[in-house]
>>> print(open('final23.cif').read())   # mmCIF, C-alpha atoms
data_model
loop_
_atom_site.label_atom_id
_atom_site.label_comp_id
_atom_site.auth_asym_id
_atom_site.auth_seq_id
_atom_site.Cartn_x
_atom_site.Cartn_y
_atom_site.Cartn_z
CA MET A 1 24.47 -14.44 12.17
CA ARG A 2 25.15 -15.23 15.81
CA ARG A 3 28.59 -16.61 16.69
CA ASP A 4 29.03 -19.58 19.01
CA TYR A 5 29.70 -18.22 22.51
CA SER A 6 32.42 -20.71 23.43
CA ALA A 7 34.24 -20.07 20.18
CA THR A 8 34.04 -16.33 20.80
CA MET A 9 35.49 -16.70 24.29
CA ALA A 10 38.26 -18.96 23.01
CA MET A 11 39.13 -16.38 20.39
CA ARG A 12 39.20 -13.59 23.01
CA ALA A 13 41.49 -15.73 25.19
CA GLU A 14 43.86 -16.19 22.29
CA VAL A 15 43.77 -12.44 21.57
CA CYS A 16 44.62 -11.79 25.22
CA ARG A 17 47.48 -14.30 25.06
CA CYS A 18 48.87 -12.65 21.96
CA ASP A 19 48.53 -9.23 23.55
CA LEU A 20 50.65 -10.33 26.50
CA GLN A 21 53.18 -12.52 24.75
CA GLY A 22 53.40 -11.14 21.24
CA SER A 23 56.20 -8.76 22.06
CA GLY A 24 58.58 -11.49 23.16
CA VAL A 25 59.54 -9.51 26.26
CA THR A 26 60.05 -11.73 29.30
CA MET A 27 60.25 -9.22 32.14
CA LYS A 28 57.08 -9.24 34.24
CA ALA A 29 56.12 -6.46 36.60
CA GLU A 30 53.62 -6.00 39.40
CA ILE A 31 52.31 -2.85 41.06
CA ILE A 32 51.32 -2.65 44.73
CA CYS A 33 49.66 0.51 46.03
CA ILE A 34 49.54 0.77 49.82
CA GLY A 35 47.14 2.97 51.76
CA THR A 36 43.76 2.55 53.42
CA GLU A 37 42.68 5.88 51.93
CA LEU A 38 42.83 4.24 48.49
CA LEU A 39 40.49 1.44 49.56
CA LEU A 40 38.07 3.95 51.08
CA GLY A 41 37.96 5.93 47.85
CA GLU A 42 39.22 9.07 49.58
CA ILE A 43 42.09 9.35 47.08
CA ILE A 44 42.04 8.39 43.41
CA ASP A 45 44.96 6.13 42.51
CA THR A 46 46.74 7.87 39.65
CA ASN A 47 50.12 6.29 40.41
CA ALA A 48 49.17 2.86 39.11
CA ALA A 49 47.97 4.27 35.79
CA TYR A 50 51.17 6.27 35.40
CA LEU A 51 53.38 3.27 36.24
CA ALA A 52 51.44 1.03 33.86
CA ARG A 53 52.08 3.45 31.01
CA GLU A 54 55.77 3.57 31.89
CA PHE A 55 56.03 -0.22 31.85
CA ALA A 56 54.33 -0.41 28.47
CA ALA A 57 56.73 2.16 27.04
CA MET A 58 59.68 0.12 28.32
CA GLY A 59 58.35 -3.13 26.92
CA ILE A 60 57.61 -4.68 30.32
CA ASP A 61 54.53 -6.86 30.83
CA LEU A 62 52.31 -5.83 33.73
CA TYR A 63 50.37 -8.88 34.88
CA HIS A 64 48.99 -7.84 38.28
CA LYS A 65 48.10 -4.71 40.22
CA SER A 66 47.08 -4.79 43.90
CA THR A 67 45.84 -2.25 46.43
CA VAL A 68 46.25 -3.04 50.11
CA GLY A 69 45.42 -1.02 53.20
CA ASP A 70 47.69 0.01 56.07
CA ASN A 71 47.74 -3.49 57.51
CA LEU A 72 51.11 -5.17 58.09
CA LYS A 73 49.97 -8.76 57.69
CA ARG A 74 48.12 -8.13 54.42
CA ALA A 75 50.92 -5.96 53.06
CA VAL A 76 53.48 -8.69 53.79
CA GLU A 77 51.32 -11.32 52.07
CA THR A 78 50.80 -9.12 49.01
CA ILE A 79 54.50 -8.29 48.65
CA ARG A 80 55.59 -11.89 49.21
CA THR A 81 53.19 -13.15 46.53
CA ALA A 82 54.36 -10.49 44.10
CA THR A 83 58.04 -11.34 44.52
CA GLN A 84 57.27 -14.98 43.77
CA ARG A 85 55.66 -14.30 40.40
CA ALA A 86 57.22 -11.08 39.08
CA ASP A 87 60.67 -9.90 38.04
CA LEU A 88 59.93 -6.38 39.17
CA VAL A 89 57.68 -5.16 42.00
CA ILE A 90 56.91 -1.47 42.29
CA ILE A 91 55.38 -0.32 45.58
CA SER A 92 53.70 3.05 46.02
CA GLY A 93 52.95 4.58 49.41
CA GLY A 94 53.58 3.82 53.08
CA LEU A 95 57.06 5.37 53.39
CA GLY A 96 56.14 8.26 55.66
CA PRO A 97 57.20 8.79 59.29
CA THR A 98 54.00 7.73 61.09
CA ARG A 99 53.13 4.37 62.63
CA ASP A 100 50.72 3.47 59.84
CA ASP A 101 53.52 3.80 57.26
CA LEU A 102 54.37 0.10 57.13
CA THR A 103 55.99 -0.44 53.74
CA ARG A 104 59.58 -0.64 54.98
CA GLU A 105 58.72 -3.21 57.63
CA ALA A 106 56.44 -5.16 55.29
CA ILE A 107 59.19 -5.50 52.68
CA ALA A 108 61.70 -6.64 55.30
CA ILE A 109 59.38 -9.33 56.65
CA ALA A 110 58.29 -10.45 53.18
CA VAL A 111 61.87 -11.01 51.98
CA GLY A 112 63.26 -12.24 55.30
CA LYS A 113 65.69 -9.42 55.98
CA PRO A 114 66.12 -7.29 59.12
CA LEU A 115 65.53 -3.56 59.17
CA VAL A 116 68.74 -1.57 59.54
CA VAL A 117 69.55 2.13 59.46
CA ASN A 118 70.68 3.15 55.99
CA GLN A 119 73.33 5.78 56.60
CA GLU A 120 72.90 7.40 53.19
CA ALA A 121 69.16 7.76 53.79
CA LEU A 122 69.80 9.18 57.26
CA ARG A 123 72.16 11.80 55.79
CA HIS A 124 69.56 12.64 53.15
CA LEU A 125 66.94 13.21 55.82
CA THR A 126 69.21 15.21 58.09
CA GLU A 127 70.39 17.51 55.32
CA ARG A 128 66.86 18.07 54.03
CA PHE A 129 65.54 19.09 57.47
CA GLU A 130 68.51 21.40 57.92
CA ARG A 131 67.76 23.10 54.60
CA MET A 132 64.13 23.52 55.62
CA GLN A 133 65.30 24.84 59.04
CA ARG A 134 63.03 22.40 60.81
CA PRO A 135 63.88 19.97 63.61
CA MET A 136 63.94 16.31 62.64
CA THR A 137 61.85 14.33 65.11
CA GLU A 138 62.50 10.73 66.12
CA ASN A 139 59.68 9.38 63.96
CA ASN A 140 61.27 11.00 60.89
CA LYS A 141 64.36 8.90 61.53
CA ARG A 142 62.20 5.81 60.90
CA GLN A 143 62.31 6.75 57.23
CA ALA A 144 66.00 5.79 57.17
CA GLU A 145 65.27 2.20 58.26
CA PHE A 146 65.68 -0.06 55.24
CA PRO A 147 65.68 -3.81 54.68
CA GLU A 148 69.27 -4.99 54.90
CA SER A 149 71.27 -4.57 51.63
CA ALA A 150 68.66 -2.21 50.14
CA GLU A 151 69.79 0.94 48.32
CA MET A 152 68.42 4.40 48.88
CA VAL A 153 66.47 6.01 46.04
CA ALA A 154 66.89 9.77 46.16
CA ASN A 155 63.73 11.85 46.54
CA PRO A 156 64.40 15.44 45.41
CA MET A 157 60.78 16.45 46.00
CA GLY A 158 60.12 15.22 49.54
CA THR A 159 61.52 13.86 52.78
CA ALA A 160 60.79 10.16 52.29
CA PRO A 161 63.61 8.35 50.44
CA GLY A 162 62.73 5.40 48.25
CA ILE A 163 63.98 1.83 48.44
CA TRP A 164 65.65 -0.36 45.80
CA LEU A 165 66.27 -4.01 46.67
CA ARG A 166 67.38 -6.85 44.41
CA LEU A 167 66.69 -10.44 45.44
CA ASN A 168 68.47 -13.54 44.12
CA MET A 169 69.29 -11.84 40.84
CA SER A 170 71.76 -14.55 39.91
CA GLU A 171 68.93 -17.09 39.95
CA SER A 172 66.05 -17.52 37.50
CA SER A 173 63.61 -16.51 40.25
CA GLY A 174 65.32 -13.19 40.99
CA CYS A 175 63.21 -10.15 41.64
CA ALA A 176 63.78 -6.43 42.17
CA ILE A 177 61.66 -4.30 44.52
CA ALA A 178 61.29 -0.56 44.20
CA ALA A 179 59.34 1.37 46.82
CA MET A 180 58.45 5.04 46.41
CA PRO A 181 56.24 7.53 48.26
CA GLY A 182 52.59 7.73 47.25
CA VAL A 183 52.70 11.47 46.49
CA PRO A 184 52.36 11.48 42.68
CA ARG A 185 54.80 14.31 41.98
CA GLU A 186 57.46 12.63 44.12
CA LEU A 187 56.89 9.20 42.61
CA LYS A 188 57.08 10.47 39.02
CA VAL A 189 60.40 12.25 39.51
CA MET A 190 61.91 9.27 41.31
CA MET A 191 60.66 6.86 38.68
CA GLU A 192 62.13 8.92 35.86
CA GLN A 193 65.46 9.82 37.44
CA GLU A 194 66.23 6.82 39.64
CA ILE A 195 64.12 3.73 39.00
CA LYS A 196 63.96 3.55 35.21
CA PRO A 197 67.76 3.54 34.78
CA ARG A 198 68.01 0.68 37.30
CA ILE A 199 65.32 -1.29 35.48
CA LEU A 200 67.05 -0.88 32.12
CA GLU A 201 70.29 -2.16 33.64
CA MET A 202 68.46 -5.34 34.69
CA MET A 203 67.31 -6.15 31.17
CA PRO A 204 69.66 -8.40 29.14
CA PRO A 205 71.06 -6.98 25.88
CA GLY A 206 68.55 -7.35 23.07
CA GLU A 207 65.64 -7.95 25.43
CA HIS A 208 64.68 -4.32 25.90
CA LYS A 209 61.88 -3.54 23.53
CA ILE A 210 59.63 -0.55 23.37
CA LEU A 211 55.86 -0.73 23.16
CA ARG A 212 54.00 2.02 21.39
CA SER A 213 50.23 2.33 21.30
CA ARG A 214 47.86 4.36 19.19
CA VAL A 215 44.17 4.75 19.95
CA LEU A 216 41.73 5.29 17.09
CA ARG A 217 38.49 6.98 18.19
CA LEU A 218 35.27 6.27 16.33
CA VAL A 219 31.66 7.47 16.31
CA GLY A 220 28.59 6.42 14.39
CA ILE A 221 29.19 2.72 14.96
CA GLY A 222 28.76 0.35 17.91
CA GLU A 223 31.47 -1.82 19.44
CA SER A 224 29.94 -5.08 18.21
CA ALA A 225 29.46 -3.83 14.67
CA MET A 226 33.00 -2.47 14.63
CA GLU A 227 34.41 -5.78 15.86
CA GLN A 228 32.56 -7.71 13.17
CA LEU A 229 33.98 -5.54 10.42
CA ILE A 230 37.59 -5.88 11.55
CA MET A 231 37.35 -9.51 12.72
CA PRO A 232 39.91 -10.72 10.14
CA LEU A 233 42.44 -8.25 11.56
CA ILE A 234 41.70 -9.34 15.13
CA GLU A 235 41.93 -13.05 14.34
CA ASN A 236 45.24 -12.69 12.49
CA GLN A 237 46.96 -10.29 14.86
CA SER A 238 50.42 -10.91 16.29
CA ASN A 239 52.56 -7.77 16.32
CA PRO A 240 51.06 -5.22 16.35
CA THR A 241 47.98 -6.18 18.31
CA ILE A 242 44.52 -4.67 18.06
CA ALA A 243 42.00 -4.38 20.88
CA PRO A 244 38.49 -2.86 20.66
CA TYR A 245 36.86 -1.26 23.69
CA ALA A 246 34.07 1.16 24.52
CA GLY A 247 34.81 4.76 25.44
CA ASN A 248 32.59 7.61 26.62
CA TYR A 249 29.68 7.16 24.18
CA GLU A 250 32.10 6.21 21.44
CA VAL A 251 34.20 3.18 20.56
CA ARG A 252 37.96 2.91 20.38
CA LEU A 253 40.62 0.67 18.93
CA ARG A 254 43.97 0.36 20.65
CA LEU A 255 46.81 -0.61 18.34
CA THR A 256 50.01 -1.72 20.08
CA ALA A 257 53.35 -2.50 18.45
CA SER A 258 56.55 -3.91 19.93
CA ALA A 259 59.99 -3.27 18.46
CA HIS A 260 63.60 -2.56 19.36
CA GLU A 261 63.50 0.84 17.69
CA GLU A 262 60.97 3.66 17.83
CA SER A 263 60.87 3.99 14.04
CA GLU A 264 60.12 0.30 13.59
CA ALA A 265 57.26 0.41 16.08
CA MET A 266 55.76 3.46 14.37
CA GLN A 267 55.98 1.80 10.96
CA LEU A 268 54.10 -1.21 12.29
CA LEU A 269 51.41 1.05 13.73
CA ASP A 270 51.12 3.05 10.51
CA LYS A 271 50.58 -0.10 8.47
CA LEU A 272 47.89 -1.48 10.79
CA GLU A 273 46.15 1.88 11.08
CA GLN A 274 45.87 2.08 7.31
CA GLN A 275 44.33 -1.41 7.22
CA VAL A 276 41.77 -0.31 9.82
CA ARG A 277 41.04 2.93 7.95
CA ASP A 278 40.39 0.98 4.77
CA ILE A 279 37.50 -0.67 6.63
CA LEU A 280 36.35 1.92 9.19
CA GLY A 281 37.69 5.20 7.86
CA SER A 282 34.29 6.88 7.68
CA HIS A 283 33.89 6.47 11.46
CA ILE A 284 37.40 7.40 12.66
CA TYR A 285 37.41 11.00 13.83
CA GLY A 286 40.55 11.19 15.97
CA ILE A 287 43.68 9.60 17.40
CA ASP A 288 44.82 9.23 21.01
CA ASP A 289 43.74 12.29 23.04
CA GLU A 290 41.84 14.03 20.25
CA ASN A 291 38.19 14.58 21.12
CA LEU A 292 35.26 15.54 18.94
CA GLU A 293 35.16 19.17 19.97
CA THR A 294 38.84 19.68 19.17
CA VAL A 295 38.54 18.06 15.75
CA ILE A 296 35.42 20.11 14.96
CA ILE A 297 36.92 23.45 16.02
CA ASN A 298 40.10 22.77 14.07
CA GLU A 299 38.21 21.77 10.93
CA LEU A 300 35.97 24.85 11.04
CA ALA A 301 39.00 27.08 11.62
CA GLN A 302 40.83 25.62 8.64
CA LYS A 303 37.81 26.33 6.42
CA GLY A 304 37.12 29.75 7.90
CA GLN A 305 33.56 28.76 8.83
CA THR A 306 31.45 29.58 11.90
CA LEU A 307 29.07 27.76 14.21
CA ALA A 308 26.22 28.59 16.59
CA VAL A 309 24.48 26.15 18.95
CA ALA A 310 20.91 26.00 20.26
CA GLU A 311 20.45 23.69 23.23
CA SER A 312 17.43 22.53 25.14
CA CYS A 313 17.96 19.20 26.93
CA THR A 314 21.75 19.53 27.07
CA GLY A 315 21.54 22.84 28.96
CA GLY A 316 24.74 24.34 27.59
CA LEU A 317 26.88 21.20 27.76
CA ILE A 318 27.61 21.23 24.02
CA SER A 319 28.75 24.85 24.17
CA HIS A 320 30.81 24.06 27.25
CA ARG A 321 32.70 21.33 25.45
CA LEU A 322 33.30 23.44 22.36
CA THR A 323 34.60 26.41 24.37
CA ASN A 324 37.04 24.16 26.22
CA VAL A 325 39.09 24.06 23.00
CA PRO A 326 41.75 26.77 22.71
CA GLY A 327 40.98 28.99 19.73
CA ALA A 328 37.26 28.18 19.76
CA SER A 329 36.42 31.91 19.69
CA ALA A 330 37.50 32.08 16.07
CA VAL A 331 34.66 29.80 14.94
CA PHE A 332 32.13 29.39 17.77
CA MET A 333 30.01 32.53 17.75
CA GLN A 334 27.01 31.89 19.99
CA GLY A 335 25.35 29.36 22.23
CA ALA A 336 21.68 29.69 23.21
CA VAL A 337 20.10 27.58 25.95
CA THR A 338 16.46 27.74 24.85
CA TYR A 339 15.06 25.48 27.51
CA ASP A 340 11.49 26.76 27.53
CA ASN A 341 9.28 26.72 24.44
CA SER A 342 8.88 30.49 24.63
CA ALA A 343 12.66 30.87 24.30
CA LYS A 344 12.70 28.62 21.25
CA ILE A 345 10.08 30.82 19.65
CA ALA A 346 11.47 34.22 20.69
CA ARG A 347 15.20 33.56 20.37
CA LEU A 348 15.34 31.12 17.48
CA GLY A 349 12.18 31.94 15.58
CA VAL A 350 10.78 28.42 15.85
CA PRO A 351 7.15 28.66 14.61
CA GLU A 352 4.60 28.11 17.38
CA GLN A 353 2.67 25.81 15.06
CA ILE A 354 5.58 23.37 14.81
CA ILE A 355 5.81 23.00 18.58
CA ALA A 356 2.01 22.77 18.89
CA GLU A 357 1.72 20.03 16.24
CA HIS A 358 4.86 18.01 16.87
CA GLY A 359 6.00 18.91 20.38
CA ALA A 360 9.23 20.42 21.66
CA VAL A 361 10.94 17.04 21.39
CA SER A 362 10.59 16.23 17.73
CA PRO A 363 12.66 16.19 14.54
CA GLU A 364 10.64 19.11 13.25
CA THR A 365 11.47 21.31 16.25
CA ALA A 366 15.13 20.26 16.18
CA THR A 367 15.28 21.23 12.49
CA ALA A 368 13.73 24.64 13.16
CA MET A 369 16.09 25.25 16.09
CA ALA A 370 19.23 24.47 14.07
CA ALA A 371 18.17 26.63 11.14
CA GLY A 372 17.00 29.38 13.50
CA VAL A 373 20.24 29.68 15.45
CA ALA A 374 22.28 29.73 12.23
CA ARG A 375 20.06 32.41 10.73
CA THR A 376 19.83 34.68 13.78
CA SER A 377 23.58 34.47 14.48
CA GLY A 378 24.69 34.74 10.86
CA CYS A 379 26.76 31.56 11.13
CA ASP A 380 27.55 28.97 8.48
CA PHE A 381 26.30 26.12 10.64
CA GLY A 382 23.69 25.63 13.33
CA LEU A 383 23.59 22.72 15.77
CA ALA A 384 20.56 21.97 17.97
CA SER A 385 19.52 19.47 20.63
CA THR A 386 16.11 18.68 22.10
CA GLY A 387 15.22 15.65 24.17
CA ILE A 388 14.06 14.18 27.46
CA ALA A 389 16.87 13.75 29.99
CA GLY A 390 14.59 12.43 32.75
CA PRO A 391 13.84 11.11 35.21
CA GLY A 392 10.35 12.45 34.47
CA GLY A 393 8.69 13.88 31.41
CA GLY A 394 8.70 10.76 29.28
CA SER A 395 5.86 8.82 27.68
CA SER A 396 5.43 5.62 25.72
CA ALA A 397 5.76 7.56 22.47
CA LYS A 398 8.61 9.74 23.69
CA PRO A 399 10.45 7.94 26.50
CA VAL A 400 13.13 9.29 28.80
CA GLY A 401 16.45 9.16 26.98
CA LEU A 402 15.06 10.20 23.60
CA VAL A 403 17.00 12.96 21.85
CA TYR A 404 16.87 14.66 18.48
CA VAL A 405 19.89 16.59 17.23
CA ALA A 406 19.88 18.62 14.06
CA VAL A 407 22.68 20.14 12.01
CA TYR A 408 21.99 22.92 9.54
CA GLY A 409 24.38 24.29 6.95
CA HIS A 410 24.17 25.85 3.50
CA GLY A 411 20.46 25.19 3.12
CA LYS A 412 20.61 21.55 4.21
CA THR A 413 19.52 19.94 7.49
CA VAL A 414 20.25 16.47 8.87
CA VAL A 415 18.38 15.18 11.93
CA THR A 416 19.59 12.31 14.13
CA GLU A 417 17.41 10.39 16.60
CA ARG A 418 18.95 8.41 19.46
CA ARG A 419 17.56 6.71 22.55
CA TYR A 420 19.49 6.17 25.76
CA ALA A 421 18.52 4.60 29.08
CA SER A 422 20.45 6.13 31.93
CA ASP A 423 20.21 8.79 34.64
CA ARG A 424 19.72 12.48 33.90
CA THR A 425 23.39 13.48 33.96
CA SER A 426 24.53 10.54 31.85
CA ASN A 427 21.73 11.13 29.35
CA LYS A 428 22.80 14.75 28.94
CA GLU A 429 26.40 13.68 28.34
CA ALA A 430 25.22 11.14 25.77
CA PHE A 431 23.04 13.77 24.06
CA ALA A 432 25.98 16.18 23.80
CA GLN A 433 28.23 13.48 22.35
CA THR A 434 25.51 12.56 19.85
CA ALA A 435 25.21 16.19 18.77
CA LEU A 436 28.95 16.65 18.28
CA ALA A 437 29.21 13.34 16.40
CA ALA A 438 26.37 14.41 14.10
CA LEU A 439 28.09 17.75 13.46
CA TRP A 440 31.42 16.04 12.66
CA GLN A 441 29.72 13.68 10.21
CA PHE A 442 27.86 16.60 8.64
CA LEU A 443 31.08 18.57 8.15
CA ARG A 444 32.65 15.61 6.40
#
>>> encode(input="final23.cif", output="structure tokens")
Amino acid sequence: MRRDYSATMAMRAEVCRCDLQGSGVTMKAEIICIGTELLLGEIIDTNAAYLAREFAAMGIDLYHKSTVGDNLKRAVETIRTATQRADLVIISGGLGPTRDDLTREAIAIAVGKPLVVNQEALRHLTERFERMQRPMTENNKRQAEFPESAEMVANPMGTAPGIWLRLNMSESSGCAIAAMPGVPRELKVMMEQEIKPRILEMMPPGEHKILRSRVLRLVGIGESAMEQLIMPLIENQSNPTIAPYAGNYEVRLRLTASAHEESEAMQLLDKLEQQVRDILGSHIYGIDDENLETVIINELAQKGQTLAVAESCTGGLISHRLTNVPGASAVFMQGAVTYDNSAKIARLGVPEQIIAEHGAVSPETATAMAAGVARTSGCDFGLASTGIAGPGGGSSAKPVGLVYVAVYGHGKTVVTERRYASDRTSNKEAFAQTALAALWQFLR
């Protein structure tokens, strides 16, 4: 039965509201990443993702994230807006010695303070250049210019010191600004050693809560079907919250709990996870960073069983993923890329008649491939893939994106058919995921 669209959107809005407000934490943060190279796509912004995770762990709500180029006017506008709506503004990048490093000046203009030489920062710079036995040029001295009343944030990994500035903290509209270099290794050390302690000092007693999340990873079910099954949990959520989203050819559920103590948060997550497992347990293969190949290798190792793989359309991608897992050599014995029909016949023993009657892309050929690779390798299980990755080679009966995967073990074979509609590389990735999901379900 089809749900009313407006009602669905209203429900999602309420879920979003609960997700942001359910924890009861009032501190709001904003991230600003400065650098034209980020806007051009020359550098991938990993700092924002790292900072977002840190905020969540500290129980701080992140409402906005902005990226701005090396433009003074736009940087000033972005910082000024952030200070008006957030309690904490974290700025990444733009603290170097060159003319396009504008963060110091942008902060000063945005908050209405003059730039002055911070003597502690100047000593830090001077001593660092002396240790490196390098001359400190005039433009390096620019890195000691701070907005008036700002504190230096020590940078043990680089030359550029960070900035900590508190604004109107006695008023309800007070805000703190932290600026750090854009080099990820420098930012992470400074955040951990210098910025986090300052943030915790800002938070009133009893307000500091921790947020802990757990991601359940599922296969064999679509996002919409999953959502329908757990709709009562979604509609009645408060703390912890539950949020479904699509992953890389799988679906995921993020459970998030807020509490004053780690143990309390984990208990909340455990209870909600069990409720989800009561409904979706047959589809949940892993938690957090666990992937299919890791779960499969570990399960085979525990049982002392072995696996061989025969690939056609996936071209070795399944074997690649399996061998990425440490310890895979104990259970993964062989991988054969039998791309041509002659290889399927010679290497796997697929009967010519099967290919002639049904074609290379067929459930019959997939079955023969899986049984053949298990037999010829002497393994407990055989996994096979055959399909049409595209962009050519398809037909109305067998279109591009069609794949058959087969799993053989102990005299039994299960074949799975799936159809995808994407480019060649994406289809191959989807085929490999389908094969591993079929193997995991078979092993269960």
>>> resolve_selection(input="final23.cif", expression="the PyMOL selection byres ((chain A and resi 171-185) around 7)", output="mmCIF file with C-alpha atoms, in the coordinates of the input")
data_model
loop_
_atom_site.group_PDB
_atom_site.id
_atom_site.type_symbol
_atom_site.label_atom_id
_atom_site.label_comp_id
_atom_site.auth_asym_id
_atom_site.auth_seq_id
_atom_site.Cartn_x
_atom_site.Cartn_y
_atom_site.Cartn_z
ATOM 1 C CA ASN A 47 50.120 6.290 40.410
ATOM 2 C CA THR A 83 58.040 -11.340 44.520
ATOM 3 C CA ALA A 86 57.220 -11.080 39.080
ATOM 4 C CA ASP A 87 60.670 -9.900 38.040
ATOM 5 C CA LEU A 88 59.930 -6.380 39.170
ATOM 6 C CA VAL A 89 57.680 -5.160 42.000
ATOM 7 C CA ILE A 90 56.910 -1.470 42.290
ATOM 8 C CA ILE A 91 55.380 -0.320 45.580
ATOM 9 C CA SER A 92 53.700 3.050 46.020
ATOM 10 C CA GLY A 93 52.950 4.580 49.410
ATOM 11 C CA GLY A 94 53.580 3.820 53.080
ATOM 12 C CA LEU A 95 57.060 5.370 53.390
ATOM 13 C CA ALA A 160 60.790 10.160 52.290
ATOM 14 C CA GLY A 162 62.730 5.400 48.250
ATOM 15 C CA ILE A 163 63.980 1.830 48.440
ATOM 16 C CA TRP A 164 65.650 -0.360 45.800
ATOM 17 C CA LEU A 165 66.270 -4.010 46.670
ATOM 18 C CA ARG A 166 67.380 -6.850 44.410
ATOM 19 C CA LEU A 167 66.690 -10.440 45.440
ATOM 20 C CA ASN A 168 68.470 -13.540 44.120
ATOM 21 C CA MET A 169 69.290 -11.840 40.840
ATOM 22 C CA SER A 170 71.760 -14.550 39.910
ATOM 23 C CA GLU A 186 57.460 12.630 44.120
ATOM 24 C CA LEU A 187 56.890 9.200 42.610
ATOM 25 C CA LYS A 188 57.080 10.470 39.020
ATOM 26 C CA VAL A 189 60.400 12.250 39.510
#
>>> resolve_selection(input="final23.cif", expression="the PyMOL selection byres ((chain A and resi 311-326) around 8)", output="ChimeraX atom specification")
/A:293-294,297,309-310,327-329,332,335-340,384-389,428-429,431-433,435-436
>>> residues_around(input="final23.cif", residues="A:Ala371", least_positions_apart="2", cutoff="8 Å", atoms="only C-alpha atoms", output="JSON list (two decimals) with C-alpha atoms, in the coordinates of the input")
[["chain", "number", "residue", "atom", "x", "y", "z"],
["A", 367, "THR", "CA", 15.28, 21.23, 12.49],
["A", 368, "ALA", "CA", 13.73, 24.64, 13.16],
["A", 369, "MET", "CA", 16.09, 25.25, 16.09],
["A", 373, "VAL", "CA", 20.24, 29.68, 15.45],
["A", 374, "ALA", "CA", 22.28, 29.73, 12.23],
["A", 375, "ARG", "CA", 20.06, 32.41, 10.73],
["A", 382, "GLY", "CA", 23.69, 25.63, 13.33],
["A", 407, "VAL", "CA", 22.68, 20.14, 12.01],
["A", 408, "TYR", "CA", 21.99, 22.92, 9.54],
["A", 409, "GLY", "CA", 24.38, 24.29, 6.95],
["A", 413, "THR", "CA", 19.52, 19.94, 7.49]]
>>> atom_distance(input="final23.cif", atom1="atom CA of A:Pro147", atom2="atom CA of A:Lys196")
20.9 Å
>>> atom_distance(input="final23.cif", atom1="atom CA of A:Asp270", atom2="atom CA of A:Asn236")
16.9 Å
>>> closest_residue(input="final23.cif", among="A:Ser395, A:Gln267, A:Gln143, A:Thr98", to="A:Glu120", atoms="only C-alpha atoms")
A:Gln143
>>> residues_around(input="final23.cif", residues="A:Pro351", least_positions_apart="4", cutoff="9 Å", atoms="only C-alpha atoms", output="ChimeraX atom specification")
/A:344-345,355-356,365,368
>>> closest_residue(input="final23.cif", among="A:Ala75, A:Met132, A:Ile296, A:Ile32", to="A:Gln441", atoms="only C-alpha atoms")
A:Ile296
>>> resolve_selection(input="final23.cif", expression="the PyMOL selection byres ((chain A and resi 66) around 8)", output="PyMOL selection string")
chain A and resi 31-33+64-65+67-68+78
>>> closest_residue(input="final23.cif", among="A:Arg99, A:Arg254, A:Arg85, A:Arg74", to="A:Ser213", atoms="all atoms listed in the file")
A:Arg254
>>> axis_aligned_box(input="final23.cif", around="stretch 208-218 of chain A", padding_each_side="4 Å", output="AutoDock Vina command-line options")
--center_x 50.0 --center_y 1.3 --center_z 21.1 --size_x 37.4 --size_y 19.3 --size_z 17.6
>>> closest_residue(input="final23.cif", among="A:Leu229, A:Arg444, A:Met190, A:Ser263", to="A:Ser282", atoms="only C-alpha atoms")
A:Arg444
>>> build_atoms(input="final23.cif", residues="stretch 47-53 of chain A", atoms="N, CA, C and O atoms", output="PDB file, in the frame of the given file")
ATOM      1  N   ASN A  47      48.767   6.843  40.522  1.00  0.00           N
ATOM      2  CA  ASN A  47      50.120   6.290  40.410  1.00  0.00           C
ATOM      3  C   ASN A  47      50.141   5.018  39.589  1.00  0.00           C
ATOM      4  O   ASN A  47      51.046   4.815  38.771  1.00  0.00           O
ATOM      5  N   ALA A  48      49.170   4.141  39.820  1.00  0.00           N
ATOM      6  CA  ALA A  48      49.170   2.860  39.110  1.00  0.00           C
ATOM      7  C   ALA A  48      49.015   3.067  37.608  1.00  0.00           C
ATOM      8  O   ALA A  48      49.671   2.391  36.813  1.00  0.00           O
ATOM      9  N   ALA A  49      48.150   4.002  37.223  1.00  0.00           N
ATOM     10  CA  ALA A  49      47.970   4.270  35.790  1.00  0.00           C
ATOM     11  C   ALA A  49      49.256   4.808  35.180  1.00  0.00           C
ATOM     12  O   ALA A  49      49.651   4.406  34.072  1.00  0.00           O
ATOM     13  N   TYR A  50      49.908   5.710  35.898  1.00  0.00           N
ATOM     14  CA  TYR A  50      51.170   6.270  35.400  1.00  0.00           C
ATOM     15  C   TYR A  50      52.225   5.175  35.256  1.00  0.00           C
ATOM     16  O   TYR A  50      52.915   5.077  34.230  1.00  0.00           O
ATOM     17  N   LEU A  51      52.370   4.342  36.277  1.00  0.00           N
ATOM     18  CA  LEU A  51      53.380   3.270  36.240  1.00  0.00           C
ATOM     19  C   LEU A  51      53.079   2.279  35.122  1.00  0.00           C
ATOM     20  O   LEU A  51      53.998   1.798  34.443  1.00  0.00           O
ATOM     21  N   ALA A  52      51.808   1.966  34.925  1.00  0.00           N
ATOM     22  CA  ALA A  52      51.440   1.030  33.860  1.00  0.00           C
ATOM     23  C   ALA A  52      51.855   1.561  32.505  1.00  0.00           C
ATOM     24  O   ALA A  52      52.365   0.812  31.651  1.00  0.00           O
ATOM     25  N   ARG A  53      51.659   2.852  32.279  1.00  0.00           N
ATOM     26  CA  ARG A  53      52.080   3.450  31.010  1.00  0.00           C
ATOM     27  C   ARG A  53      53.597   3.398  30.850  1.00  0.00           C
ATOM     28  O   ARG A  53      54.114   3.155  29.751  1.00  0.00           O
TER      29      ARG A  53
END
